[in-house]
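Coordinates from my_file_36.cif are shown below (mmCIF, C-alpha atoms).
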```cif
data_protein
loop_
_atom_site.label_atom_id
_atom_site.label_comp_id
_atom_site.auth_asym_id
_atom_site.auth_seq_id
_atom_site.Cartn_x
_atom_site.Cartn_y
_atom_site.Cartn_z
CA MET F 93 10.08 130.01 153.26
CA ASN F 94 9.77 126.93 151.05
CA SER F 95 13.35 125.61 151.24
CA ILE F 96 14.58 122.09 150.43
CA ARG F 97 17.44 122.57 152.90
CA LEU F 98 15.07 123.49 155.74
CA ARG F 99 12.74 120.60 154.93
CA LEU F 100 15.61 118.10 154.93
CA LEU F 101 16.99 119.48 158.18
CA LYS F 102 13.57 119.35 159.79
CA TRP F 103 12.95 115.74 158.80
CA LEU F 104 16.47 114.65 159.74
CA LEU F 105 17.23 116.62 162.88
CA GLY F 106 13.80 116.11 164.48
CA PRO F 107 14.01 112.29 164.61
CA ILE F 108 17.70 112.45 165.59
CA LEU F 109 16.96 114.67 168.58
CA LEU F 110 14.01 112.47 169.61
CA VAL F 111 16.07 109.28 169.35
CA ASN F 112 18.89 110.90 171.34
CA LEU F 113 16.49 111.85 174.13
CA VAL F 114 15.07 108.32 174.28
CA LEU F 115 18.54 106.79 174.23
CA ALA F 116 19.70 109.19 176.94
CA ALA F 117 16.79 108.14 179.17
CA LEU F 118 17.55 104.45 178.57
CA VAL F 119 21.26 104.92 179.25
CA ALA F 120 20.50 106.87 182.41
CA GLY F 121 18.30 104.03 183.62
CA LEU F 122 20.89 101.40 182.69
CA ALA F 123 23.66 103.36 184.41
CA TRP F 124 21.62 103.99 187.57
CA THR F 125 20.44 100.40 188.04
CA PRO F 126 23.89 98.93 188.92
CA ALA F 127 24.55 101.79 191.30
CA GLN F 128 21.19 101.23 192.98
CA VAL F 129 21.93 97.49 193.26
CA ALA F 130 25.35 98.24 194.81
CA PHE F 131 23.83 100.60 197.37
CA ASP F 132 21.13 98.04 198.22
CA ALA F 133 23.78 95.32 198.57
CA GLY F 134 25.70 97.46 201.03
CA LEU F 135 22.51 98.10 202.96
CA MET F 136 21.79 94.36 202.97
CA ASP F 137 25.29 93.65 204.34
CA THR F 138 24.62 96.05 207.19
CA ALA F 139 21.27 94.37 207.90
CA THR F 140 22.91 90.91 207.80
CA ALA F 141 25.58 91.97 210.28
CA LEU F 142 22.92 93.38 212.59
CA ALA F 143 20.90 90.17 212.25
CA GLY F 144 23.96 88.19 213.32
CA ARG F 145 24.26 90.26 216.46
CA VAL F 146 20.59 89.82 217.21
CA ALA F 147 20.84 86.05 216.75
CA ALA F 148 23.83 86.00 219.16
CA GLY F 149 21.89 88.04 221.69
CA SER F 150 24.30 91.00 221.61
CA ALA F 151 22.01 93.69 220.13
CA ALA F 152 20.96 95.13 223.46
CA SER F 153 20.98 98.91 223.74
CA LEU F 154 20.98 99.30 219.91
CA PRO F 155 21.15 103.05 219.09
CA PRO F 156 18.05 104.39 217.31
CA VAL F 157 20.06 106.40 214.68
CA THR F 158 23.71 106.62 213.68
CA PRO F 159 25.10 109.65 211.78
CA ALA F 160 27.92 109.17 209.25
CA ALA F 161 30.81 111.49 208.35
CA THR F 162 29.36 111.98 204.88
CA GLY F 163 26.19 113.50 206.31
CA GLU F 164 24.19 110.31 205.81
CA ARG F 165 22.06 108.88 208.61
CA ALA F 166 21.17 105.24 209.42
CA TRP F 167 18.28 103.87 211.53
CA PHE F 168 18.07 100.44 213.16
CA VAL F 169 15.19 98.54 214.71
CA VAL F 170 14.39 95.11 216.17
CA ARG F 171 10.79 93.94 216.55
CA ASP F 172 9.08 90.69 217.36
CA VAL F 173 6.75 88.94 214.95
CA GLY F 174 3.82 90.86 216.35
CA GLY F 175 5.49 94.15 215.54
CA ARG F 176 6.27 95.06 219.16
CA HIS F 177 9.33 97.36 219.44
CA LEU F 178 12.33 95.77 221.14
CA GLU F 179 15.42 97.79 220.22
CA GLY F 180 16.42 100.80 218.10
CA SER F 181 14.31 103.60 216.55
CA ARG F 182 10.69 103.79 217.56
CA THR F 183 9.79 105.85 214.45
CA PHE F 184 11.05 103.19 212.07
CA PRO F 185 8.58 102.49 209.23
CA PRO F 186 6.77 99.11 208.90
CA LEU F 187 9.04 96.17 208.14
CA ARG F 188 8.75 93.77 205.18
CA PRO F 189 11.01 90.84 206.11
CA GLY F 190 12.28 88.89 203.10
CA ALA F 191 11.21 91.60 200.58
CA PRO F 192 13.75 93.48 198.38
CA ALA F 193 14.96 96.88 199.51
CA TYR F 194 12.17 99.43 199.40
CA ASP F 195 11.67 103.17 199.83
CA ALA F 196 10.10 104.66 202.93
CA GLU F 197 10.34 107.69 205.18
CA VAL F 198 11.80 108.16 208.69
CA ASP F 199 11.44 111.37 210.68
CA GLY F 200 10.32 113.15 207.52
CA GLU F 201 13.35 112.12 205.45
CA PRO F 202 13.27 109.66 202.50
CA VAL F 203 15.18 106.45 203.22
CA ARG F 204 15.94 103.06 201.71
CA VAL F 205 14.93 100.11 203.92
CA VAL F 206 16.01 96.46 204.19
CA ALA F 207 14.27 94.03 206.64
CA LEU F 208 15.25 90.46 207.68
CA ALA F 209 13.69 87.77 209.84
CA VAL F 210 16.11 86.23 212.43
CA ALA F 211 15.62 83.18 214.60
CA THR F 212 16.76 83.65 218.22
CA PRO F 213 16.53 81.44 221.33
CA THR F 214 13.55 83.51 222.45
CA GLY F 215 11.75 83.41 219.09
CA VAL F 216 11.79 85.00 215.64
CA ARG F 217 12.83 88.63 215.49
CA HIS F 218 12.48 91.17 212.66
CA VAL F 219 15.53 93.35 212.01
CA GLY F 220 15.38 96.55 209.92
CA VAL F 221 18.02 98.97 208.64
CA ALA F 222 17.22 102.31 206.92
CA HIS F 223 19.64 104.65 205.22
CA THR F 224 19.17 108.15 203.78
CA LEU F 225 19.35 108.72 199.99
CA ARG F 226 21.75 111.65 199.85
CA GLN F 227 24.70 109.72 198.47
CA ARG F 228 22.48 107.88 196.02
CA LEU F 229 21.07 111.17 194.75
CA GLU F 230 24.56 112.59 194.34
CA VAL F 231 25.59 109.57 192.29
CA ARG F 232 22.41 109.85 190.19
CA ALA F 233 23.05 113.56 189.61
CA ALA F 234 26.62 112.81 188.53
CA ILE F 235 25.34 110.20 186.07
CA VAL F 236 22.76 112.63 184.67
CA ARG F 237 25.34 115.42 184.31
CA SER F 238 27.73 113.12 182.47
CA LEU F 239 24.96 111.94 180.15
CA VAL F 240 23.83 115.50 179.46
CA VAL F 241 27.37 116.44 178.41
CA LEU F 242 27.81 113.32 176.27
CA VAL F 243 24.37 113.57 174.66
CA SER F 244 24.87 117.29 173.96
CA LEU F 245 28.23 116.68 172.33
CA GLY F 246 26.83 113.75 170.35
CA THR F 247 23.80 115.75 169.26
CA LEU F 248 25.92 118.73 168.18
CA THR F 249 28.20 116.40 166.25
CA LEU F 250 25.25 114.77 164.49
CA VAL F 251 23.70 118.16 163.73
CA GLY F 252 26.99 119.31 162.20
CA VAL F 253 27.31 116.12 160.16
CA VAL F 254 23.71 116.41 158.94
CA TRP F 255 24.15 120.10 158.10
CA LEU F 256 27.33 119.42 156.12
CA SER F 257 25.75 116.39 154.43
CA VAL F 258 22.66 118.36 153.38
CA GLY F 259 24.84 121.22 152.12
CA ASN F 260 27.04 118.80 150.19
CA GLY F 261 23.96 117.08 148.75
CA LEU F 262 22.53 120.42 147.57
CA ARG F 263 25.85 121.60 146.13
CA PRO F 264 24.94 120.55 142.56
CA LEU F 265 21.89 122.82 142.73
CA ALA F 266 24.04 125.70 143.98
CA ARG F 267 26.50 125.05 141.15
CA ILE F 268 23.72 125.15 138.56
CA ARG F 269 22.33 128.34 140.10
CA ALA F 270 25.76 129.99 140.03
CA GLU F 271 26.26 128.99 136.40
CA LEU F 272 22.90 130.46 135.40
CA ALA F 273 23.66 133.66 137.35
CA ARG F 274 26.91 134.13 135.40
CA ARG F 275 25.14 133.97 132.06
CA GLY F 276 24.27 136.96 129.99
CA PRO F 277 20.72 137.81 128.88
CA GLY F 278 21.13 136.09 125.51
CA ASP F 279 23.01 132.99 126.63
CA LEU F 280 20.60 130.09 126.13
CA ALA F 281 23.18 127.31 125.96
CA PRO F 282 22.05 124.07 127.67
CA ILE F 283 23.23 123.28 131.19
CA PRO F 284 26.04 120.71 131.11
CA ALA F 285 24.69 117.35 132.28
CA ASP F 286 28.09 116.04 133.37
CA GLY F 287 28.23 115.37 137.10
CA VAL F 288 24.52 116.10 137.63
CA PRO F 289 23.06 113.78 140.31
CA TYR F 290 20.48 111.25 139.21
CA GLU F 291 17.71 112.89 141.28
CA ILE F 292 17.93 116.28 139.54
CA ALA F 293 18.86 114.99 136.09
CA PRO F 294 15.18 115.13 134.93
CA VAL F 295 14.97 118.76 136.09
CA VAL F 296 18.13 119.68 134.17
CA SER F 297 16.90 117.80 131.11
CA GLY F 298 13.52 119.56 131.24
CA PHE F 299 15.19 122.94 131.71
CA ASN F 300 17.49 122.29 128.76
CA ASP F 301 14.47 121.38 126.64
CA LEU F 302 12.86 124.67 127.65
CA LEU F 303 16.05 126.56 126.75
CA ASP F 304 16.05 124.86 123.35
CA LYS F 305 12.46 125.97 122.75
CA VAL F 306 13.23 129.53 123.84
CA GLU F 307 16.33 129.59 121.63
CA ALA F 308 14.33 128.25 118.69
CA GLY F 309 11.65 130.90 119.20
CA ALA F 310 14.22 133.69 119.57
CA ARG F 311 16.10 132.47 116.51
CA ALA F 312 12.90 132.37 114.46
CA GLN F 313 12.07 135.89 115.59
CA ARG F 314 15.56 137.16 114.72
CA ASP F 315 15.51 135.40 111.36
CA PHE F 316 12.11 136.89 110.56
CA LEU F 317 13.33 140.36 111.56
CA ALA F 318 16.50 140.02 109.51
CA ASP F 319 14.65 138.65 106.48
CA MET F 320 12.07 141.41 106.68
CA ALA F 321 14.77 144.06 106.90
CA HIS F 322 16.64 142.57 103.95
CA GLN F 323 13.45 142.35 101.91
CA LEU F 324 12.56 145.98 102.65
CA ARG F 325 15.96 147.48 101.91
CA THR F 326 15.85 146.85 98.14
CA PRO F 327 12.40 148.33 97.42
CA LEU F 328 13.08 151.29 99.71
CA ALA F 329 16.32 151.99 97.88
CA GLY F 330 14.37 151.80 94.62
CA VAL F 331 11.79 154.27 95.96
CA GLN F 332 14.61 156.64 96.91
CA LEU F 333 16.01 156.52 93.38
CA GLN F 334 12.58 157.20 91.89
CA LEU F 335 12.06 160.14 94.23
CA GLU F 336 15.41 161.61 93.24
CA TRP F 337 14.53 161.15 89.54
CA LEU F 338 11.15 162.83 90.01
CA HIS F 339 12.80 165.64 91.91
CA ALA F 340 15.16 166.30 89.00
CA ARG F 341 12.32 165.93 86.46
CA HIS F 342 10.00 168.43 88.19
CA ALA F 343 12.57 170.82 89.62
CA GLN F 344 10.60 173.80 88.31
CA ASP F 345 7.36 172.89 90.11
CA ALA F 346 7.70 174.21 93.68
CA ASP F 347 4.73 172.24 95.05
CA THR F 348 5.95 169.01 93.54
CA VAL F 349 9.48 169.61 94.81
CA ALA F 350 8.19 170.24 98.35
CA SER F 351 6.04 167.12 98.25
CA LEU F 352 8.90 165.03 96.91
CA ALA F 353 11.22 166.39 99.62
CA MET F 354 8.78 165.30 102.33
CA MET F 355 8.44 161.91 100.72
CA GLY F 356 12.23 161.65 100.51
CA LEU F 357 12.62 162.45 104.20
CA ALA F 358 10.01 159.87 105.12
CA ASN F 359 11.72 157.28 102.91
CA GLU F 360 15.14 158.08 104.42
CA ARG F 361 13.67 157.61 107.88
CA MET F 362 12.18 154.29 106.82
CA ILE F 363 15.54 153.17 105.38
CA ARG F 364 17.29 154.11 108.61
CA GLN F 365 14.77 152.18 110.73
CA VAL F 366 15.06 149.13 108.50
CA ASN F 367 18.85 149.27 108.84
CA GLN F 368 18.47 149.55 112.60
CA LEU F 369 16.14 146.55 112.67
CA LEU F 370 18.74 144.58 110.75
CA ALA F 371 21.47 145.73 113.15
CA LEU F 372 19.25 144.86 116.12
CA ALA F 373 18.67 141.38 114.74
CA ARG F 374 22.43 140.87 114.57
CA ALA F 375 23.03 142.38 118.01
CA ARG F 376 20.31 140.40 119.84
CA GLU F 377 22.37 137.24 119.46
CA GLY F 378 24.09 138.23 122.72
CA ARG F 379 27.52 137.29 121.35
CA PRO F 380 29.74 138.24 118.38
CA GLY F 381 28.72 136.84 115.03
CA ASP F 382 30.40 134.26 112.84
CA HIS F 383 33.06 136.67 111.47
CA VAL F 384 35.07 137.28 114.64
CA GLY F 385 38.69 138.32 114.39
CA PRO F 386 41.24 141.01 115.27
CA LEU F 387 40.12 144.46 114.15
CA ASP F 388 41.10 148.11 114.48
CA LEU F 389 38.29 150.47 115.39
CA ALA F 390 40.14 153.35 113.72
CA LEU F 391 39.96 151.55 110.37
CA LEU F 392 36.24 150.84 110.82
CA VAL F 393 35.62 154.54 111.48
CA GLN F 394 37.65 155.54 108.43
CA GLU F 395 35.51 153.26 106.26
CA SER F 396 32.42 155.28 107.22
CA ILE F 397 33.99 158.76 107.41
CA GLN F 398 32.58 159.97 104.12
CA PHE F 399 29.00 159.14 105.11
CA PHE F 400 29.46 160.93 108.44
CA VAL F 401 31.09 163.95 106.80
CA ASP F 402 28.29 164.35 104.25
CA LYS F 403 25.62 164.14 106.93
CA ALA F 404 27.46 166.64 109.15
CA ALA F 405 27.92 169.04 106.24
CA ARG F 406 24.17 169.13 105.61
CA LYS F 407 23.68 170.43 109.17
CA GLU F 408 26.87 172.55 109.17
CA ILE F 409 28.20 170.52 112.12
CA ASP F 410 31.92 170.60 112.85
CA LEU F 411 32.78 166.89 112.76
CA GLY F 412 36.23 166.02 114.08
CA PHE F 413 38.13 162.75 114.37
CA GLU F 414 40.78 161.82 116.94
CA LEU F 415 41.71 158.33 115.83
CA ALA F 416 44.52 156.20 117.18
CA PRO F 417 45.10 152.46 116.78
CA ALA F 418 42.37 150.69 118.81
CA PRO F 419 42.74 146.91 118.52
CA VAL F 420 39.79 144.71 119.45
CA THR F 421 38.62 141.18 118.73
CA GLY F 422 35.08 141.08 117.43
CA ASP F 423 32.61 141.04 114.57
CA ALA F 424 33.21 143.78 112.01
CA PHE F 425 29.53 144.03 111.02
CA GLN F 426 28.35 144.45 114.59
CA LEU F 427 31.10 146.90 115.56
CA ARG F 428 30.37 148.97 112.44
CA ASP F 429 26.70 149.05 113.54
CA LEU F 430 27.83 150.26 116.97
CA ILE F 431 29.93 153.04 115.48
CA ASP F 432 27.23 154.07 112.99
CA ASN F 433 24.53 154.29 115.65
CA LEU F 434 26.61 156.32 118.11
CA VAL F 435 27.82 158.81 115.48
CA ASP F 436 24.39 159.00 113.84
CA ASN F 437 22.77 159.74 117.21
CA ALA F 438 25.30 162.49 117.91
CA LEU F 439 24.75 164.12 114.50
CA ARG F 440 20.98 163.75 114.78
CA TYR F 441 20.64 165.46 118.18
CA THR F 442 23.36 168.10 117.75
CA PRO F 443 21.87 171.39 116.49
CA GLU F 444 23.14 173.14 113.37
CA GLY F 445 26.52 174.76 113.88
CA GLY F 446 27.40 172.34 116.71
CA GLN F 447 30.37 170.06 117.18
CA VAL F 448 30.83 166.28 117.23
CA THR F 449 34.15 164.58 117.97
CA VAL F 450 34.73 160.89 117.28
CA GLY F 451 37.73 159.24 118.92
CA CYS F 452 39.26 155.84 119.59
CA GLY F 453 42.45 154.50 121.12
CA VAL F 454 43.87 152.65 124.10
CA ASP F 455 43.50 154.07 127.61
CA GLY F 456 44.67 152.32 130.77
CA GLY F 457 45.25 149.07 128.92
CA ALA F 458 41.69 148.97 127.54
CA THR F 459 40.56 149.84 124.02
CA GLN F 460 37.88 152.50 123.93
CA PHE F 461 35.67 154.31 121.44
CA SER F 462 34.09 157.67 122.25
CA VAL F 463 31.70 160.18 120.76
CA VAL F 464 31.35 163.70 122.17
CA ASP F 465 28.68 166.14 120.97
CA SER F 466 27.50 169.64 121.85
CA GLY F 467 23.83 168.71 121.78
CA PRO F 468 21.25 169.14 124.57
CA GLY F 469 22.72 166.26 126.58
CA ILE F 470 20.95 163.46 128.46
CA PRO F 471 19.74 164.04 132.03
CA ALA F 472 21.55 161.83 134.56
CA ALA F 473 18.26 160.27 135.67
CA ARG F 474 17.50 159.12 132.10
CA ARG F 475 20.92 157.79 131.09
CA ALA F 476 20.14 154.20 132.08
CA ALA F 477 16.69 154.24 130.45
CA VAL F 478 17.90 155.34 127.00
CA PHE F 479 19.53 151.93 126.48
CA GLU F 480 16.11 150.27 126.40
CA ARG F 481 14.41 149.69 123.09
CA PHE F 482 11.94 152.31 121.76
CA VAL F 483 12.84 154.81 124.53
CA ARG F 484 13.13 158.41 123.39
CA LEU F 485 13.92 161.47 125.48
CA ASP F 486 10.92 163.45 124.20
CA ASP F 487 8.16 163.38 121.62
CA LYS F 488 10.08 165.76 119.39
CA SER F 489 12.76 163.16 118.69
CA THR F 490 12.57 161.69 115.20
CA GLY F 491 14.42 158.48 115.96
CA SER F 492 12.89 155.09 116.70
CA GLY F 493 14.61 154.61 120.05
CA LEU F 494 16.62 151.62 118.85
CA GLY F 495 20.09 153.14 118.37
CA LEU F 496 21.42 152.93 121.94
CA ALA F 497 19.67 149.58 122.51
CA ILE F 498 21.66 148.22 119.58
CA VAL F 499 24.84 149.75 121.00
CA ARG F 500 24.19 148.12 124.39
CA ASP F 501 23.59 144.65 122.93
CA ILE F 502 26.66 144.82 120.69
CA ALA F 503 28.79 146.00 123.62
CA ARG F 504 27.56 143.11 125.78
CA ALA F 505 28.34 140.64 123.04
CA HIS F 506 31.92 141.99 122.93
CA ARG F 507 32.34 142.11 126.74
CA ALA F 508 32.40 145.89 126.75
CA ASP F 509 30.92 148.60 128.97
CA VAL F 510 28.97 151.60 127.68
CA ALA F 511 28.95 154.76 129.80
CA ILE F 512 27.10 158.02 129.16
CA GLY F 513 28.32 161.22 130.75
CA GLY F 514 28.04 164.93 130.30
CA ALA F 515 30.30 166.92 127.99
CA ALA F 516 31.57 170.45 128.33
CA GLY F 517 28.84 172.93 127.48
CA GLY F 518 26.01 170.52 128.28
CA GLY F 519 26.50 167.95 125.55
CA THR F 520 26.82 164.17 125.73
CA HIS F 521 29.94 162.03 126.08
CA VAL F 522 29.52 158.31 125.26
CA VAL F 523 32.43 155.93 125.93
CA VAL F 524 32.64 152.23 125.04
CA ARG F 525 35.43 150.37 126.85
CA PHE F 526 36.31 146.90 125.62
CA GLY F 527 37.58 144.05 127.76
CA THR F 528 36.08 145.35 131.07
CA SER F 529 32.81 143.41 131.38
CA GLY F 530 32.60 140.13 133.29
#
```
Would it be possible to restate this file's structure as C-alpha cells?
Amino acid sequence: MNSIRLRLLKWLLGPILLVNLVLAALVAGLAWTPAQVAFDAGLMDTATALAGRVAAGSAASLPPVTPAATGERAWFVVRDVGGRHLEGSRTFPPLRPGAPAYDAEVDGEPVRVVALAVATPTGVRHVGVAHTLRQRLEVRAAIVRSLVVLVSLGTLTLVGVVWLSVGNGLRPLARIRAELARRGPGDLAPIPADGVPYEIAPVVSGFNDLLDKVEAGARAQRDFLADMAHQLRTPLAGVQLQLEWLHARHAQDADTVASLAMMGLANERMIRQVNQLLALARAREGRPGDHVGPLDLALLVQESIQFFVDKAARKEIDLGFELAPAPVTGDAFQLRDLIDNLVDNALRYTPEGGQVTVGCGVDGGATQFSVVDSGPGIPAARRAAVFERFVRLDDKSTGSGLGLAIVRDIARAHRADVAIGGAAGGGTHVVVRFGTSG
C-alpha cells in the first residue's frame, strides 16, 4: 500500500531503532569497563599481597586453589624466572609479569590472571593469581538486562512520539478528506485554504483550480440545457396551437383528424420532455435556487390541481387529495417540479379507472409529501435504479426516464429523503421527507 504515513514511519523509525541499538552497545561497553577495571584492581591487590608474602619468605605451603563462599575459585602460583614451579597450582597458565590483567584458562574454566615479578633474597620470583569470571559475568548480565529494559522503554517512547507526530502532521490531510466526504454530489465549492500547511497548499490550490474548471463546465452545460429548453418551449407551444386549429378546421376528415391526433401526442410528449430538461437543469445545481424561502407544500399542490384533475379525467382516474399544512424552506420552482413529476408519473403509469392519492403534512416532526397510485408498482430490486437518469422499467414506457432523477436531485438539494414502497393492491407509494438528510 502506497501510504505517506507508512513511508514516514519507515524512514523515521528505522534510523531511530538503529541508533538506539548502536547507543545501547556503546553504553554497555562504557558501563562494563569500570566494572572490569574494579575487578582487575581487586585481583591486583590480591597479587600484591601475595607478592609481599613471597618477598618476606612466608609463602611456603601456598595452597594451589582457594574456593570462596560465592562459588568463585582462586588459583595461586610462584615460579622462578626460568618458569620452574615453586609453590601453588601446577596447572596455572603461563605468567606475564608486568602485563595488565589477561584472560586464560585453569582446569578447563575461564579465569582472569594477574602476574608480578618479586625480588627475594634467593632471586627474582614470579607470582600469579587467577580468579574465575562468574561474578564478573553476573555483573555484566545485570548491566545488559538493565540496558535492555531502558532501551526498550526509550524505543517505545520514541515510537509513540513519532507515531503521534506523524498522525498530527497528517491531520490536515485527514481534515480535507473528511470535508470532501461530507459534500454532496453537486457541491463544487473550493476547499478553504485557512490553516492549510505550507507543504500541501499547492495541492489544495491545484485542486481548487480543478473544482473551478469542473464547476465552469457544469455551469455551461446547465446553462446550455436551460437555454435550449427555453428556446424550444415557445415554438413547441406554437406548433400545439396550430395542430389544435387544424384539428378544428378539418374535423370532418377522419384521416386528417387521426394524423393530427398523432402529431398532437408527439408534440405533447416533446413539450413534456423539454419541461423535464428545464427542471433537470434547475435540479442539477445540487442546492436550492436563488428564490429560497418558507413555503407550504399544500399551497403548491393547490396551484397545480386543475392540471392534475384534467389529466386524470382524460384517463378516468380517481384523483384524490389529502392536504394538510406542510411547511418547508426551499425553492418554489424546484419543489413545484418535484410535485409535478411525482404526480405526473403516477397518472402516467396508473391504468384507466385506477386511483391516485396526493397527500402532504407533518409526520413525526418532519414535513412529508406522498403520492400513492394503483398502478403496476415498481419491483423492490428496481426501486434504487429508477432514480437514475434515462432509466425506464420497460420498453413500453412512454416517458424519458428523467422524472424520478429530477425528484432525487431536488430532494437532495432540499436535504430530503425519497423512499419508494409498495401500496395496497400492488401499486406504488412514494414519500419525500424533508429535514432528514445529512
message: Just checking: using only C-alpha atoms, which residue out of F:Ala234, F:Arg228, F:Ala350, F:Ala473 ends up closest to Ala130 in chain F?
response: F:Arg228
field: Among listed residues F:Glu179, F:Asp172, F:Asp509, F:Glu230, nearest Leu208 in chain F (using all atoms listed in the file)
entry: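 Selected residue with least distance to Leu208 in chain F: F:Asp172.
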- prompt: So how far away is CA of Leu142 in chain F from CA of Ala193 in chain F, in Å?
  reply: 15.7 Å
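Residue nearest Val435 in chain F within the list F:Val448, F:Ala418, F:Leu262, F:Ala147: F:Val448 [criterion: smallest interatomic distance, all atoms listed in the file].
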Selected residue of minimal separation from Val146 in chain F among F:Val331, F:Ala358, F:Ile431, F:Val170, counting only C-alpha atoms: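 Among the listed residues, F:Val170 lies closest to Val146 in chain F.
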message: Please list as a list in words every residue within 8 Å of Ile409 in chain F, counting only C-alpha atoms and excluding residues in the same chain fewer than 4 positions away.
response: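 Answer for this query is Ala404, Ala405, Leu439, Thr442, Pro443, Glu444, Gly445, Gly446, Gln447 and Val448 of chain F.
Here CA of Arg204 in chain F and CA of Thr125 in chain F stand 14.6 Å from one another.
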message: One decimal, in Å: what's the spacing between CA of Gln460 in chain F and CA of Arg525 in chain F?
response: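 Computing the Euclidean distance for CA of Gln460 in chain F and CA of Arg525 in chain F yields 4.4 Å.
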message: Report as a PyMOL selection string all protein, DNA and RNA residues lying within 10 Å of range 390-397 of chain F, evaluated on all atoms listed in the file, omitting residues in the same chain fewer than 2 positions from it.
response: chain F and resi 387-388+399-403+411+413-419+424-425+427-428+431-432+435+450-453+461
Explicit residues for the PyMOL selection byres ((chain F and resi 97-109) around 9) (as a PDB file with C-alpha atoms, keeping the file's coordinate frame):
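Output saved as out.pdb:
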```
ATOM      1  CA  MET F  93      10.080 130.010 153.260  1.00  0.00           C
ATOM      2  CA  ASN F  94       9.770 126.930 151.050  1.00  0.00           C
ATOM      3  CA  SER F  95      13.350 125.610 151.240  1.00  0.00           C
ATOM      4  CA  ILE F  96      14.580 122.090 150.430  1.00  0.00           C
ATOM      5  CA  LEU F 110      14.010 112.470 169.610  1.00  0.00           C
ATOM      6  CA  VAL F 111      16.070 109.280 169.350  1.00  0.00           C
ATOM      7  CA  ASN F 112      18.890 110.900 171.340  1.00  0.00           C
ATOM      8  CA  LEU F 113      16.490 111.850 174.130  1.00  0.00           C
ATOM      9  CA  VAL F 114      15.070 108.320 174.280  1.00  0.00           C
ATOM     10  CA  THR F 247      23.800 115.750 169.260  1.00  0.00           C
ATOM     11  CA  LEU F 250      25.250 114.770 164.490  1.00  0.00           C
ATOM     12  CA  VAL F 251      23.700 118.160 163.730  1.00  0.00           C
ATOM     13  CA  VAL F 254      23.710 116.410 158.940  1.00  0.00           C
ATOM     14  CA  TRP F 255      24.150 120.100 158.100  1.00  0.00           C
ATOM     15  CA  VAL F 258      22.660 118.360 153.380  1.00  0.00           C
ATOM     16  CA  GLY F 259      24.840 121.220 152.120  1.00  0.00           C
ATOM     17  CA  LEU F 262      22.530 120.420 147.570  1.00  0.00           C
TER      18      LEU F 262
END
```
Can you fill out range 447-458 of chain F with N, CA, C and O atoms and hand it back as a PDB file, keeping the file's coordinate frame?
```pdb
ATOM      1  N   GLN F 447      29.124 170.812 117.352  1.00  0.00           N
ATOM      2  CA  GLN F 447      30.370 170.060 117.180  1.00  0.00           C
ATOM      3  C   GLN F 447      30.161 168.612 117.611  1.00  0.00           C
ATOM      4  O   GLN F 447      29.465 168.331 118.591  1.00  0.00           O
ATOM      5  N   VAL F 448      30.809 167.707 116.876  1.00  0.00           N
ATOM      6  CA  VAL F 448      30.830 166.280 117.230  1.00  0.00           C
ATOM      7  C   VAL F 448      32.256 165.788 117.028  1.00  0.00           C
ATOM      8  O   VAL F 448      32.850 166.044 115.985  1.00  0.00           O
ATOM      9  N   THR F 449      32.779 165.108 118.044  1.00  0.00           N
ATOM     10  CA  THR F 449      34.150 164.580 117.970  1.00  0.00           C
ATOM     11  C   THR F 449      34.110 163.074 118.181  1.00  0.00           C
ATOM     12  O   THR F 449      33.568 162.591 119.176  1.00  0.00           O
ATOM     13  N   VAL F 450      34.669 162.348 117.226  1.00  0.00           N
ATOM     14  CA  VAL F 450      34.730 160.890 117.280  1.00  0.00           C
ATOM     15  C   VAL F 450      36.174 160.490 117.558  1.00  0.00           C
ATOM     16  O   VAL F 450      37.089 160.959 116.871  1.00  0.00           O
ATOM     17  N   GLY F 451      36.368 159.640 118.567  1.00  0.00           N
ATOM     18  CA  GLY F 451      37.730 159.240 118.920  1.00  0.00           C
ATOM     19  C   GLY F 451      37.812 157.777 119.283  1.00  0.00           C
ATOM     20  O   GLY F 451      36.829 157.145 119.674  1.00  0.00           O
ATOM     21  N   CYS F 452      39.001 157.210 119.157  1.00  0.00           N
ATOM     22  CA  CYS F 452      39.260 155.840 119.590  1.00  0.00           C
ATOM     23  C   CYS F 452      40.738 155.708 119.914  1.00  0.00           C
ATOM     24  O   CYS F 452      41.564 156.498 119.447  1.00  0.00           O
ATOM     25  N   GLY F 453      41.075 154.713 120.719  1.00  0.00           N
ATOM     26  CA  GLY F 453      42.450 154.500 121.120  1.00  0.00           C
ATOM     27  C   GLY F 453      42.511 153.532 122.281  1.00  0.00           C
ATOM     28  O   GLY F 453      41.534 152.817 122.588  1.00  0.00           O
ATOM     29  N   VAL F 454      43.652 153.516 122.952  1.00  0.00           N
ATOM     30  CA  VAL F 454      43.870 152.650 124.100  1.00  0.00           C
ATOM     31  C   VAL F 454      44.128 153.527 125.307  1.00  0.00           C
ATOM     32  O   VAL F 454      44.992 154.412 125.271  1.00  0.00           O
ATOM     33  N   ASP F 455      43.363 153.278 126.388  1.00  0.00           N
ATOM     34  CA  ASP F 455      43.500 154.070 127.610  1.00  0.00           C
ATOM     35  C   ASP F 455      43.510 153.124 128.807  1.00  0.00           C
ATOM     36  O   ASP F 455      42.552 152.376 129.015  1.00  0.00           O
ATOM     37  N   GLY F 456      44.586 153.172 129.586  1.00  0.00           N
ATOM     38  CA  GLY F 456      44.670 152.320 130.770  1.00  0.00           C
ATOM     39  C   GLY F 456      44.675 150.848 130.446  1.00  0.00           C
ATOM     40  O   GLY F 456      44.161 150.049 131.226  1.00  0.00           O
ATOM     41  N   GLY F 457      45.199 150.477 129.295  1.00  0.00           N
ATOM     42  CA  GLY F 457      45.250 149.070 128.920  1.00  0.00           C
ATOM     43  C   GLY F 457      43.979 148.555 128.284  1.00  0.00           C
ATOM     44  O   GLY F 457      43.912 147.376 127.914  1.00  0.00           O
ATOM     45  N   ALA F 458      42.960 149.395 128.130  1.00  0.00           N
ATOM     46  CA  ALA F 458      41.690 148.970 127.540  1.00  0.00           C
ATOM     47  C   ALA F 458      41.415 149.815 126.292  1.00  0.00           C
ATOM     48  O   ALA F 458      41.597 151.037 126.291  1.00  0.00           O
TER      49      ALA F 458
END
```
